[in-house]
Amino acid sequence: MYLAFIAGMQILSTQETRSTCCYCGVGCGVIMTSENGNITGVRGDPEHPANYGKLCTKGSTLHLTARMELRALHPEVRLQRTHARQPASWDAALELAADKFAAIIQAHGPDAVGFYISGQLLTEDYYVFNKLVKGLIGTNNVDTNSRLCMSSAVTGYKQTLGADAPPGCYDDVNHADCIFIAGSNTAYAHPVLFRRIEEARKSNPDMKLVVVDPRRTDTAAAADLHLAILPGTDVMLFNAMLHVMLWEGWYSEEYIAAHTEGFDDLKRTVRDYTPQHAATVCGVAAEDIVQAARWFATSKATLSLYCQGLNQSAQGTLKNAALINLHLATAQIGRPGAAPFSLTGQPNAMGGREVGGLANLLSAHRDMANPEHRAEVAALWGVESVPGKPGKTAVEMFDALRSGEIKAVWIACTNPAQSLPDVTLVHEALRTAEFVVVQEAYADTETVTFADVLLPATSWGEKTGTVTNSERRISRVLPAVAAPGEARHDWQIVVDFAACLSGKLGRKNILAYADVETVFNEHRLSTIGRDLDIGGMSYAMLESAGPQQWPLLQGEATGKVRLYADGVYPTANGRARFVNAKYVGVAEDINIRYPLHLTTGRLRDQWHGMSRTGKLGRLFSHVEEPMISMNEQDMTRRGLADGDVVKVASRHGSATLKVAASQEMRSGQTFIPMHWGGQYMGGAGVNALTTGVFDAYSKQPELKHTAVQVTKLELPWQLVAMRRGNALVRMDRLRALLQRFDYATLGLFGREEEGVVLRVAHAEAVPEAWLAEVDAALGLDDADEVMNYRDAKRGISKRALMSDGRLLGVRLNGETAARDWLKEIIAQGADARELRPWLFAPLSAPPAGQSQRGRIVCNCFDVSEQEILAEVRQGAEVAAIQAKLKCGTQCGSCLPELKRLVAQPVAAS
Ligand SMILES: Nc1nc2c(c(=O)[nH]1)N[C@H]1C(S)=C(S)[C@@H](COP(=O)(O)OP(=O)(O)OC[C@H]3O[C@@H](n4cnc5c(=O)[nH]c(N)nc54)[C@H](O)[C@@H]3O)O[C@H]1N2
Ligand SMILES: Nc1nc2c(c(=O)[nH]1)N[C@H]1C(S)=C(S)[C@@H](COP(=O)(O)OP(=O)(O)OC[C@H]3O[C@@H](n4cnc5c(=O)[nH]c(N)nc54)[C@H](O)[C@@H]3O)O[C@H]1N2
Ligand code: SF4
Ligand SMILES: [Mo]
């Protein structure tokens, strides 16, 4: 079954290849089908222990996103900033990059360059980057987007348990009697794990699910107890829970005495954290805090699952530690179902941590401050020494780039111009930098617009190597197709660059690898004797025996399912440490000027900056536009209605988007998804608003909280333009116009042949010349088949394109009431001749005979919210709706929402 790929060989017939999903840290196994060099299908690998055959909406559509439009396929360089990049050969591009880096290193020292890489790289890619920077160049300026993601989890584990190792595994959900989810929207962000939780609850109906999240997410709506705490108050809550546990005697004196240290200090601290006091600070009922403490402490086994609600905080380390404190105090650790389990965000953030690919880490969990550890790494790499001074972390690196302290930056597999906090400063840094290299799979990300050199990288379905998921499980990643165009593998690009750079610096090339397996074997060697020892693993073993957890020592057949069963921790004295965590609030206060809390996060069907998911129409059907979600009363108070365009402003910048009333939000709270950036909307997206303030230990920025104001904008001139066919190319053309409007968004729609839609609101009438550009970009300027309508007095002009009786495109300017149903007509591609008389009518509902479906809930079977609600009104239950409409019966990603729709009161229609 494991079909190896042989470079240069033509793949002719249908093949199946086992690999992993390239999205989240659940790390699902996939089986790709490929024909004649194209990936034509994907299904869950029934044998992979992360998912046993299941995939979510994103994983199950991976093959549909494996398309070449807008991929980076050839190297490009620009010699002057004012010029556009031109295609170049690999040799020329690498030569230029090596020249610039060598000159800067020689003139200003190795700390004058920086590398910003990614938890989406494979372990081998990561390993060579880390060795290039720390070993060959001699600086620790290599950091990654995991700084925005997992670094508080790393410091949280290290400060308490002594090592960066999640002690549990996914199977723990089947042994837990209480699952405590804090700051994780598992239903959206780790969907296949959430499916496992749903199943575990079914077979253990007594299990308690507690969710701590300021928003009533689908995850929270499924809970037995939802603690809708105010943002940033987790340490207050956890300490209050400990206070209750101590008061009630719900803790394990025995475990504390035998396996831990530092409890007395913490005990003194939590004396002040009464549930009554915490109730006012956290904004939840004191009884609920007591209930949460009872279930956490007295259940036979309690598993906590946590993610960015804890990590992305200026107190992220303390939030992690305060939660782990609860596990130690109650001995809810080291047994099946009992563990503090940090969920990894990206598919290989774990692998990055293993190879030490961050500015303050060393290979295989070694300590940078420890001279012996540094000597071990230097010996392994065959260099005299590796630097001991920690390098610049993500936010610091771009600050240093802006100030000129760092002069050249190499960015790989991440899109910092969109995803770092306070991106106005990041853009400034990228403009100020002397030299920017971007190693990317797609040509159309925000960061690519700043690149002096663009190096095309292979991506999912094309690469080979390994990744580690949340539960410490290492899987093989294998290619189904050859590298497209001139794209090269990430590890190969590093190796090629190192060959060039070492020559220019006159240093020994320590990165002369012939193949990727040699890289893996060297990494394996670096782990021997460490807590993550994988001495017993090899490519062959992972392929024949399947994915394995670490540690897995030489001679062993399987890895360690759970850690710390013996209560011995990887600290100097073998004891876990309580951290004396004290509550400190969020970094930014709200005040009269910025009276609202803003949090940010994920949607179900989009991935980060959308370079991949944003290329598939159906992944826009659940949420089609960027919105700020608000509590309805807060909107009424401000005179805001659903769909109004608002300006959201913080101390750092602003964003213009639509507002949506949401039952998920408490009064005073707002939420904006992280996904839309300057390639899909006017402005730079949500990170124009966020703060770069970071946690003192982990240096992870507080992406989960900013104080904002929301004001209505008067943008009376509306324009909506859409076109079926050739959607990605047309979308790219429209991008050139996106930033001129006061408000604009771009999206895709439709399932088979997709369409692109541009939505605009502007303070003044859109100039004719701009309309002409929109029409040209969408092919609506063609003479014959285009129908025109114009009411000059009212400033209304409209166009429609019909061909063979099908409606292919529409542009509505000045009056756009019919936009939604027209979009559905275009998407359907059915005969629309009888609609001809209605095309230019100001109708907000379709003419008789046509239905309007609205938002799609089930992506697999294309079932809309309206269709589900119609059944709910008839009194149908979940099972009956599933039987009739099939929604939620394939990937299951929409199940939490389906259950919520059935449970919530519905208005009769
Ligand atoms: N669909 C999808 N899935 C993904 C990703 C994606 O882009 N799309 N990305 C992956 C990655 S890299 C990551 S890191 C994970 C992230 O996975 P999650 O962390 O689960 O996702 P987020 O939506 O970022 O944030 C989780 C929740 O934290 C809550 N929150 C905000 N402030 C606080 C607070 O102060 N305390 C608490 N307790 N909660 C708070 C938010 O309301 C939000 O619901 O998702 C992974 N999975
Ligand atoms: N406001 C706000 N901001 C956030 C967050 C938040 O919750 N709120 N979350 C933060 C978190 S947790 C994360 S992890 C980051 C994610 O932020 P980013 O890392 O910027 O997110 P991606 O869009 O996944 O970027 C990965 C890039 O790599 C490219 N790529 C894909 N495959 C390959 C490959 O094989 N090789 C190469 N070289 N390139 C490839 C993709 O096209 C994409 O542009 O965002 C952070 N930013
Ligand atoms: S849960 Fe979905 S996104 Fe995450 S690895 Fe599995 S299929 Fe991919
Ligand atoms: Mo992440």
# chains A, B, ... in the order shown; residues from 1 in each chain; ligands from 1

$ residues_around --residues "A:Ile406" --least-positions-apart "6" --cutoff "9 Å" --atoms "only C-alpha atoms" --output "JSON, numbers by chain"
{"A": [111, 112, 113, 114, 397, 398, 399, 400, 433, 434]}

$ write_last_selection --atoms "C-alpha atoms" --output "mmCIF file, in the first residue's frame"
data_model
loop_
_atom_site.group_PDB
_atom_site.id
_atom_site.type_symbol
_atom_site.label_atom_id
_atom_site.label_comp_id
_atom_site.auth_asym_id
_atom_site.auth_seq_id
_atom_site.Cartn_x
_atom_site.Cartn_y
_atom_site.Cartn_z
ATOM 1 C CA ASP A 111 22.668 38.186 14.035
ATOM 2 C CA ALA A 112 21.874 40.615 11.209
ATOM 3 C CA VAL A 113 19.850 37.932 9.386
ATOM 4 C CA GLY A 114 16.692 36.150 10.474
ATOM 5 C CA MET A 397 12.294 39.526 14.803
ATOM 6 C CA PHE A 398 10.006 41.776 12.789
ATOM 7 C CA ASP A 399 10.619 44.665 15.207
ATOM 8 C CA ALA A 400 14.347 44.191 14.633
ATOM 9 C CA ALA A 433 14.240 45.266 5.124
ATOM 10 C CA GLU A 434 17.182 45.220 2.770
#

$ residues_near_ligand --ligand "ligand 4" --cutoff "8 Å" --atoms "only C-alpha atoms and all ligand atoms" --output "number ranges by chain"
A: 119, 145-146, 148-150, 308, 344-346

$ residues_near_ligand --ligand "ligand 2" --cutoff "6 Å" --atoms "only C-alpha atoms and all ligand atoms" --output "PyMOL selection string"
chain A and resi 145-146+148-149+346+412-416+419-420+439-442+445+457-459+490+600-601+608-611+674+686-687+703

$ residues_near_ligand --ligand "ligand 3" --cutoff "6 Å" --atoms "only C-alpha atoms and all ligand atoms" --output "number ranges by chain"
A: 21, 23-28, 55-56, 58-59, 190-192

$ residues_near_ligand --ligand "ligand 1" --cutoff "7 Å" --atoms "only C-alpha atoms and all ligand atoms" --output "count of residues only"
42

$ select_by_dssp --residues "stretch 648-698 of chain A" --states "strand (DSSP E or B)" --output "CSV table (one decimal) with C-alpha atoms, in the first residue's frame"
chain,number,residue,atom,x,y,z
A,648,VAL,CA,-13.6,48.5,13.9
A,649,ALA,CA,-10.7,50.5,15.4
A,654,SER,CA,-8.7,49.6,11.8
A,655,ALA,CA,-10.7,47.2,9.7
A,656,THR,CA,-13.8,47.7,7.7
A,657,LEU,CA,-16.3,44.8,7.6
A,658,LYS,CA,-19.9,43.8,8.1
A,659,VAL,CA,-21.5,43.3,11.5
A,660,ALA,CA,-23.5,40.2,12.4
A,661,ALA,CA,-25.7,39.7,15.4
A,669,GLN,CA,-17.6,41.0,23.5
A,670,THR,CA,-16.9,40.8,19.7
A,671,PHE,CA,-15.2,38.3,17.5
A,672,ILE,CA,-13.6,38.4,14.1
A,673,PRO,CA,-12.3,35.3,12.2
A,681,MET,CA,-10.8,42.2,1.7
A,694,PHE,CA,3.5,39.1,24.5

$ atom_distance --atom1 "atom CA of A:Asp791" --atom2 "atom CA of A:Trp770"
17.8 Å

$ residues_around --residues "A:Leu843" --least-positions-apart "3" --cutoff "10 Å" --atoms "only C-alpha atoms" --output "short mmCIF file (atom, residue, chain, number, x, y, z; two decimals) with all heavy atoms, in the first residue's frame"
data_model
loop_
_atom_site.label_atom_id
_atom_site.label_comp_id
_atom_site.auth_asym_id
_atom_site.auth_seq_id
_atom_site.Cartn_x
_atom_site.Cartn_y
_atom_site.Cartn_z
N GLU A 815 -27.64 49.59 -6.94
CA GLU A 815 -28.80 48.91 -6.34
C GLU A 815 -28.52 47.42 -6.48
O GLU A 815 -28.32 46.92 -7.58
CB GLU A 815 -30.06 49.35 -7.09
CG GLU A 815 -31.36 48.89 -6.46
CD GLU A 815 -31.62 47.43 -6.72
OE1 GLU A 815 -31.66 47.04 -7.91
OE2 GLU A 815 -31.73 46.66 -5.75
N THR A 816 -28.48 46.73 -5.34
CA THR A 816 -27.98 45.34 -5.38
C THR A 816 -28.92 44.35 -4.69
O THR A 816 -28.50 43.28 -4.26
CB THR A 816 -26.60 45.25 -4.70
OG1 THR A 816 -26.76 45.60 -3.31
CG2 THR A 816 -25.58 46.17 -5.33
N ALA A 817 -30.21 44.73 -4.57
CA ALA A 817 -31.14 43.92 -3.77
C ALA A 817 -31.14 42.45 -4.19
O ALA A 817 -31.29 41.55 -3.36
CB ALA A 817 -32.55 44.50 -3.87
N ALA A 818 -30.96 42.18 -5.47
CA ALA A 818 -31.13 40.80 -5.97
C ALA A 818 -29.86 39.96 -5.88
O ALA A 818 -29.81 38.84 -6.38
CB ALA A 818 -31.62 40.85 -7.42
N ARG A 819 -28.83 40.50 -5.23
CA ARG A 819 -27.51 39.83 -5.30
C ARG A 819 -27.52 38.38 -4.84
O ARG A 819 -26.88 37.53 -5.45
CB ARG A 819 -26.48 40.64 -4.51
CG ARG A 819 -26.88 40.80 -3.06
CD ARG A 819 -25.96 41.70 -2.28
NE ARG A 819 -26.43 41.77 -0.92
CZ ARG A 819 -26.99 42.85 -0.39
NH1 ARG A 819 -27.10 43.96 -1.08
NH2 ARG A 819 -27.44 42.83 0.84
N TRP A 821 -30.00 35.94 -4.49
CA TRP A 821 -30.65 34.90 -5.31
C TRP A 821 -30.02 34.82 -6.69
O TRP A 821 -29.93 33.74 -7.27
CB TRP A 821 -32.17 35.06 -5.33
CG TRP A 821 -32.73 36.28 -6.01
CD1 TRP A 821 -33.04 37.47 -5.42
CD2 TRP A 821 -33.08 36.41 -7.39
NE1 TRP A 821 -33.53 38.34 -6.34
CE2 TRP A 821 -33.58 37.72 -7.57
CE3 TRP A 821 -33.02 35.56 -8.49
CZ2 TRP A 821 -34.01 38.19 -8.80
CZ3 TRP A 821 -33.46 36.03 -9.72
CH2 TRP A 821 -33.94 37.34 -9.88
N LEU A 822 -29.53 35.95 -7.21
CA LEU A 822 -28.84 35.88 -8.50
C LEU A 822 -27.58 35.02 -8.39
O LEU A 822 -27.25 34.26 -9.29
CB LEU A 822 -28.48 37.29 -8.99
CG LEU A 822 -29.63 38.09 -9.61
CD1 LEU A 822 -29.18 39.51 -9.93
CD2 LEU A 822 -30.18 37.40 -10.86
N TRP A 838 -36.51 39.47 -15.10
CA TRP A 838 -36.34 39.86 -13.69
C TRP A 838 -34.90 40.24 -13.35
O TRP A 838 -34.62 40.69 -12.24
CB TRP A 838 -36.75 38.70 -12.77
CG TRP A 838 -38.10 38.17 -13.06
CD1 TRP A 838 -38.42 37.04 -13.75
CD2 TRP A 838 -39.34 38.76 -12.70
NE1 TRP A 838 -39.77 36.88 -13.84
CE2 TRP A 838 -40.37 37.93 -13.20
CE3 TRP A 838 -39.70 39.93 -12.00
CZ2 TRP A 838 -41.71 38.22 -13.02
CZ3 TRP A 838 -41.03 40.21 -11.82
CH2 TRP A 838 -42.02 39.37 -12.32
N LEU A 839 -34.00 40.03 -14.28
CA LEU A 839 -32.58 40.16 -13.93
C LEU A 839 -32.22 41.53 -13.36
O LEU A 839 -31.37 41.63 -12.49
CB LEU A 839 -31.71 39.88 -15.16
CG LEU A 839 -31.67 38.43 -15.63
CD1 LEU A 839 -30.78 38.28 -16.84
CD2 LEU A 839 -31.22 37.51 -14.50
N PHE A 840 -32.85 42.57 -13.85
CA PHE A 840 -32.47 43.91 -13.41
C PHE A 840 -33.49 44.52 -12.45
O PHE A 840 -33.44 45.70 -12.14
CB PHE A 840 -32.28 44.82 -14.62
CG PHE A 840 -31.15 44.36 -15.52
CD1 PHE A 840 -31.27 44.40 -16.90
CD2 PHE A 840 -29.97 43.88 -14.96
CE1 PHE A 840 -30.22 43.98 -17.72
CE2 PHE A 840 -28.93 43.45 -15.77
CZ PHE A 840 -29.05 43.50 -17.15
N PRO A 846 -36.26 36.00 -4.80
CA PRO A 846 -36.36 35.54 -6.18
C PRO A 846 -37.82 35.53 -6.64
O PRO A 846 -38.72 35.38 -5.82
CB PRO A 846 -35.80 34.12 -6.13
CG PRO A 846 -35.92 33.70 -4.71
CD PRO A 846 -35.81 34.94 -3.89
N PRO A 847 -38.04 35.68 -7.95
CA PRO A 847 -39.42 35.62 -8.46
C PRO A 847 -40.00 34.24 -8.20
O PRO A 847 -39.28 33.29 -7.91
CB PRO A 847 -39.26 35.90 -9.95
CG PRO A 847 -37.82 35.73 -10.26
CD PRO A 847 -37.06 35.91 -9.01
#

$ residues_around --residues "stretch 168-170 of chain A" --least-positions-apart "6" --cutoff "9 Å" --atoms "only C-alpha atoms" --output "mmCIF file with C-alpha atoms, in the first residue's frame"
data_model
loop_
_atom_site.group_PDB
_atom_site.id
_atom_site.type_symbol
_atom_site.label_atom_id
_atom_site.label_comp_id
_atom_site.auth_asym_id
_atom_site.auth_seq_id
_atom_site.Cartn_x
_atom_site.Cartn_y
_atom_site.Cartn_z
ATOM 1 C CA VAL A 26 -5.125 16.059 14.872
ATOM 2 C CA PRO A 49 -4.800 5.775 14.776
ATOM 3 C CA ALA A 50 -5.563 9.518 14.756
ATOM 4 C CA LEU A 193 -11.111 14.665 17.745
ATOM 5 C CA ARG A 196 -14.297 10.987 19.022
ATOM 6 C CA LEU A 303 -8.881 15.039 30.685
ATOM 7 C CA ILE A 333 -2.495 12.701 35.478
ATOM 8 C CA GLY A 334 -0.596 9.612 34.382
ATOM 9 C CA ARG A 335 -3.655 7.387 34.160
ATOM 10 C CA PRO A 336 -5.850 6.521 31.174
ATOM 11 C CA GLY A 337 -8.264 9.416 30.696
ATOM 12 C CA ALA A 338 -6.402 11.735 33.069
ATOM 13 C CA ALA A 339 -4.048 14.293 31.543
ATOM 14 C CA PRO A 340 -3.473 17.943 30.736
ATOM 15 C CA PHE A 341 -3.527 17.632 26.952
ATOM 16 C CA SER A 342 -2.457 20.667 24.937
ATOM 17 C CA SER A 470 -0.810 16.412 19.112
ATOM 18 C CA GLU A 471 -0.487 13.002 20.740
ATOM 19 C CA ARG A 472 3.273 12.690 19.969
ATOM 20 C CA ARG A 473 2.546 10.406 17.032
ATOM 21 C CA VAL A 561 1.019 5.720 24.895
ATOM 22 C CA ARG A 562 0.985 7.824 28.066
ATOM 23 C CA LEU A 563 3.695 9.565 30.051
#

$ atom_distance --atom1 "atom CA of A:Asp422" --atom2 "atom CA of A:Glu714"
26.1 Å

$ decode --residues "stretch 721-733 of chain A" --atoms "all heavy atoms" --output "JSON list (two decimals), in the first residue's frame"
[["chain", "number", "residue", "atom", "x", "y", "z"],
["A", 721, "ALA", "N", -20.46, 42.26, -7.96],
["A", 721, "ALA", "CA", -20.17, 41.70, -9.28],
["A", 721, "ALA", "C", -19.78, 40.25, -9.11],
["A", 721, "ALA", "O", -19.03, 39.90, -8.20],
["A", 721, "ALA", "CB", -19.03, 42.47, -9.93],
["A", 722, "MET", "N", -20.34, 39.39, -9.97],
["A", 722, "MET", "CA", -19.99, 37.96, -9.85],
["A", 722, "MET", "C", -19.95, 37.31, -11.22],
["A", 722, "MET", "O", -20.60, 37.73, -12.15],
["A", 722, "MET", "CB", -20.96, 37.25, -8.93],
["A", 722, "MET", "CG", -22.40, 37.60, -9.12],
["A", 722, "MET", "SD", -23.23, 37.41, -7.53],
["A", 722, "MET", "CE", -24.79, 38.19, -7.87],
["A", 723, "ARG", "N", -19.17, 36.25, -11.26],
["A", 723, "ARG", "CA", -18.97, 35.60, -12.56],
["A", 723, "ARG", "C", -18.61, 34.14, -12.34],
["A", 723, "ARG", "O", -17.76, 33.81, -11.50],
["A", 723, "ARG", "CB", -17.83, 36.31, -13.30],
["A", 723, "ARG", "CG", -17.42, 35.68, -14.63],
["A", 723, "ARG", "CD", -18.53, 35.84, -15.68],
["A", 723, "ARG", "NE", -18.45, 34.80, -16.70],
["A", 723, "ARG", "CZ", -17.83, 34.91, -17.87],
["A", 723, "ARG", "NH1", -17.23, 36.05, -18.16],
["A", 723, "ARG", "NH2", -17.83, 33.92, -18.72],
["A", 724, "ARG", "N", -19.29, 33.31, -13.09],
["A", 724, "ARG", "CA", -19.02, 31.87, -13.03],
["A", 724, "ARG", "C", -17.89, 31.53, -13.99],
["A", 724, "ARG", "O", -17.79, 32.10, -15.06],
["A", 724, "ARG", "CB", -20.29, 31.15, -13.44],
["A", 724, "ARG", "CG", -20.25, 29.66, -13.37],
["A", 724, "ARG", "CD", -21.58, 29.11, -13.89],
["A", 724, "ARG", "NE", -21.45, 27.69, -14.14],
["A", 724, "ARG", "CZ", -22.05, 26.76, -13.40],
["A", 724, "ARG", "NH1", -22.80, 27.10, -12.39],
["A", 724, "ARG", "NH2", -21.87, 25.48, -13.69],
["A", 725, "GLY", "N", -17.04, 30.58, -13.59],
["A", 725, "GLY", "CA", -16.01, 30.08, -14.50],
["A", 725, "GLY", "C", -14.68, 30.80, -14.34],
["A", 725, "GLY", "O", -14.63, 32.00, -14.08],
["A", 726, "ASN", "N", -13.61, 30.03, -14.46],
["A", 726, "ASN", "CA", -12.25, 30.60, -14.38],
["A", 726, "ASN", "C", -12.10, 31.48, -13.14],
["A", 726, "ASN", "O", -11.47, 32.54, -13.17],
["A", 726, "ASN", "CB", -11.99, 31.42, -15.64],
["A", 726, "ASN", "CG", -10.52, 31.41, -16.00],
["A", 726, "ASN", "OD1", -9.73, 30.70, -15.37],
["A", 726, "ASN", "ND2", -10.15, 32.20, -16.97],
["A", 727, "ALA", "N", -12.67, 31.01, -12.04],
["A", 727, "ALA", "CA", -12.86, 31.87, -10.87],
["A", 727, "ALA", "C", -11.54, 32.35, -10.25],
["A", 727, "ALA", "O", -11.45, 33.50, -9.83],
["A", 727, "ALA", "CB", -13.69, 31.14, -9.82],
["A", 728, "LEU", "N", -10.54, 31.49, -10.19],
["A", 728, "LEU", "CA", -9.31, 31.89, -9.49],
["A", 728, "LEU", "C", -8.56, 32.96, -10.27],
["A", 728, "LEU", "O", -8.04, 33.92, -9.69],
["A", 728, "LEU", "CB", -8.41, 30.67, -9.24],
["A", 728, "LEU", "CG", -9.02, 29.64, -8.29],
["A", 728, "LEU", "CD1", -8.01, 28.54, -7.99],
["A", 728, "LEU", "CD2", -9.49, 30.28, -7.01],
["A", 729, "VAL", "N", -8.50, 32.80, -11.56],
["A", 729, "VAL", "CA", -7.81, 33.78, -12.37],
["A", 729, "VAL", "C", -8.54, 35.12, -12.30],
["A", 729, "VAL", "O", -7.93, 36.19, -12.14],
["A", 729, "VAL", "CB", -7.69, 33.28, -13.83],
["A", 729, "VAL", "CG1", -7.15, 34.37, -14.74],
["A", 729, "VAL", "CG2", -6.81, 32.04, -13.88],
["A", 730, "ARG", "N", -9.85, 35.06, -12.35],
["A", 730, "ARG", "CA", -10.63, 36.30, -12.27],
["A", 730, "ARG", "C", -10.51, 36.94, -10.90],
["A", 730, "ARG", "O", -10.44, 38.17, -10.77],
["A", 730, "ARG", "CB", -12.09, 36.02, -12.63],
["A", 730, "ARG", "CG", -12.26, 35.62, -14.08],
["A", 730, "ARG", "CD", -13.70, 35.75, -14.56],
["A", 730, "ARG", "NE", -13.72, 35.80, -16.01],
["A", 730, "ARG", "CZ", -14.20, 34.83, -16.79],
["A", 730, "ARG", "NH1", -14.71, 33.74, -16.26],
["A", 730, "ARG", "NH2", -14.16, 34.96, -18.10],
["A", 731, "MET", "N", -10.49, 36.09, -9.88],
["A", 731, "MET", "CA", -10.33, 36.63, -8.52],
["A", 731, "MET", "C", -9.00, 37.38, -8.41],
["A", 731, "MET", "O", -8.93, 38.46, -7.83],
["A", 731, "MET", "CB", -10.36, 35.48, -7.50],
["A", 731, "MET", "CG", -10.12, 35.92, -6.07],
["A", 731, "MET", "SD", -10.47, 34.61, -4.89],
["A", 731, "MET", "CE", -8.99, 33.61, -5.04],
["A", 732, "ASP", "N", -7.98, 36.80, -9.00],
["A", 732, "ASP", "CA", -6.67, 37.44, -8.92],
["A", 732, "ASP", "C", -6.65, 38.80, -9.63],
["A", 732, "ASP", "O", -6.03, 39.74, -9.16],
["A", 732, "ASP", "CB", -5.61, 36.50, -9.51],
["A", 732, "ASP", "CG", -4.24, 36.78, -8.93],
["A", 732, "ASP", "OD1", -4.18, 36.96, -7.69],
["A", 732, "ASP", "OD2", -3.26, 36.85, -9.68],
["A", 733, "ARG", "N", -7.39, 38.88, -10.73],
["A", 733, "ARG", "CA", -7.46, 40.18, -11.43],
["A", 733, "ARG", "C", -8.17, 41.21, -10.56],
["A", 733, "ARG", "O", -7.79, 42.37, -10.51],
["A", 733, "ARG", "CB", -8.24, 40.02, -12.73],
["A", 733, "ARG", "CG", -7.44, 39.34, -13.81],
["A", 733, "ARG", "CD", -8.23, 39.43, -15.12],
["A", 733, "ARG", "NE", -7.84, 38.33, -15.98],
["A", 733, "ARG", "CZ", -8.69, 37.59, -16.69],
["A", 733, "ARG", "NH1", -9.99, 37.84, -16.68],
["A", 733, "ARG", "NH2", -8.24, 36.62, -17.45]]
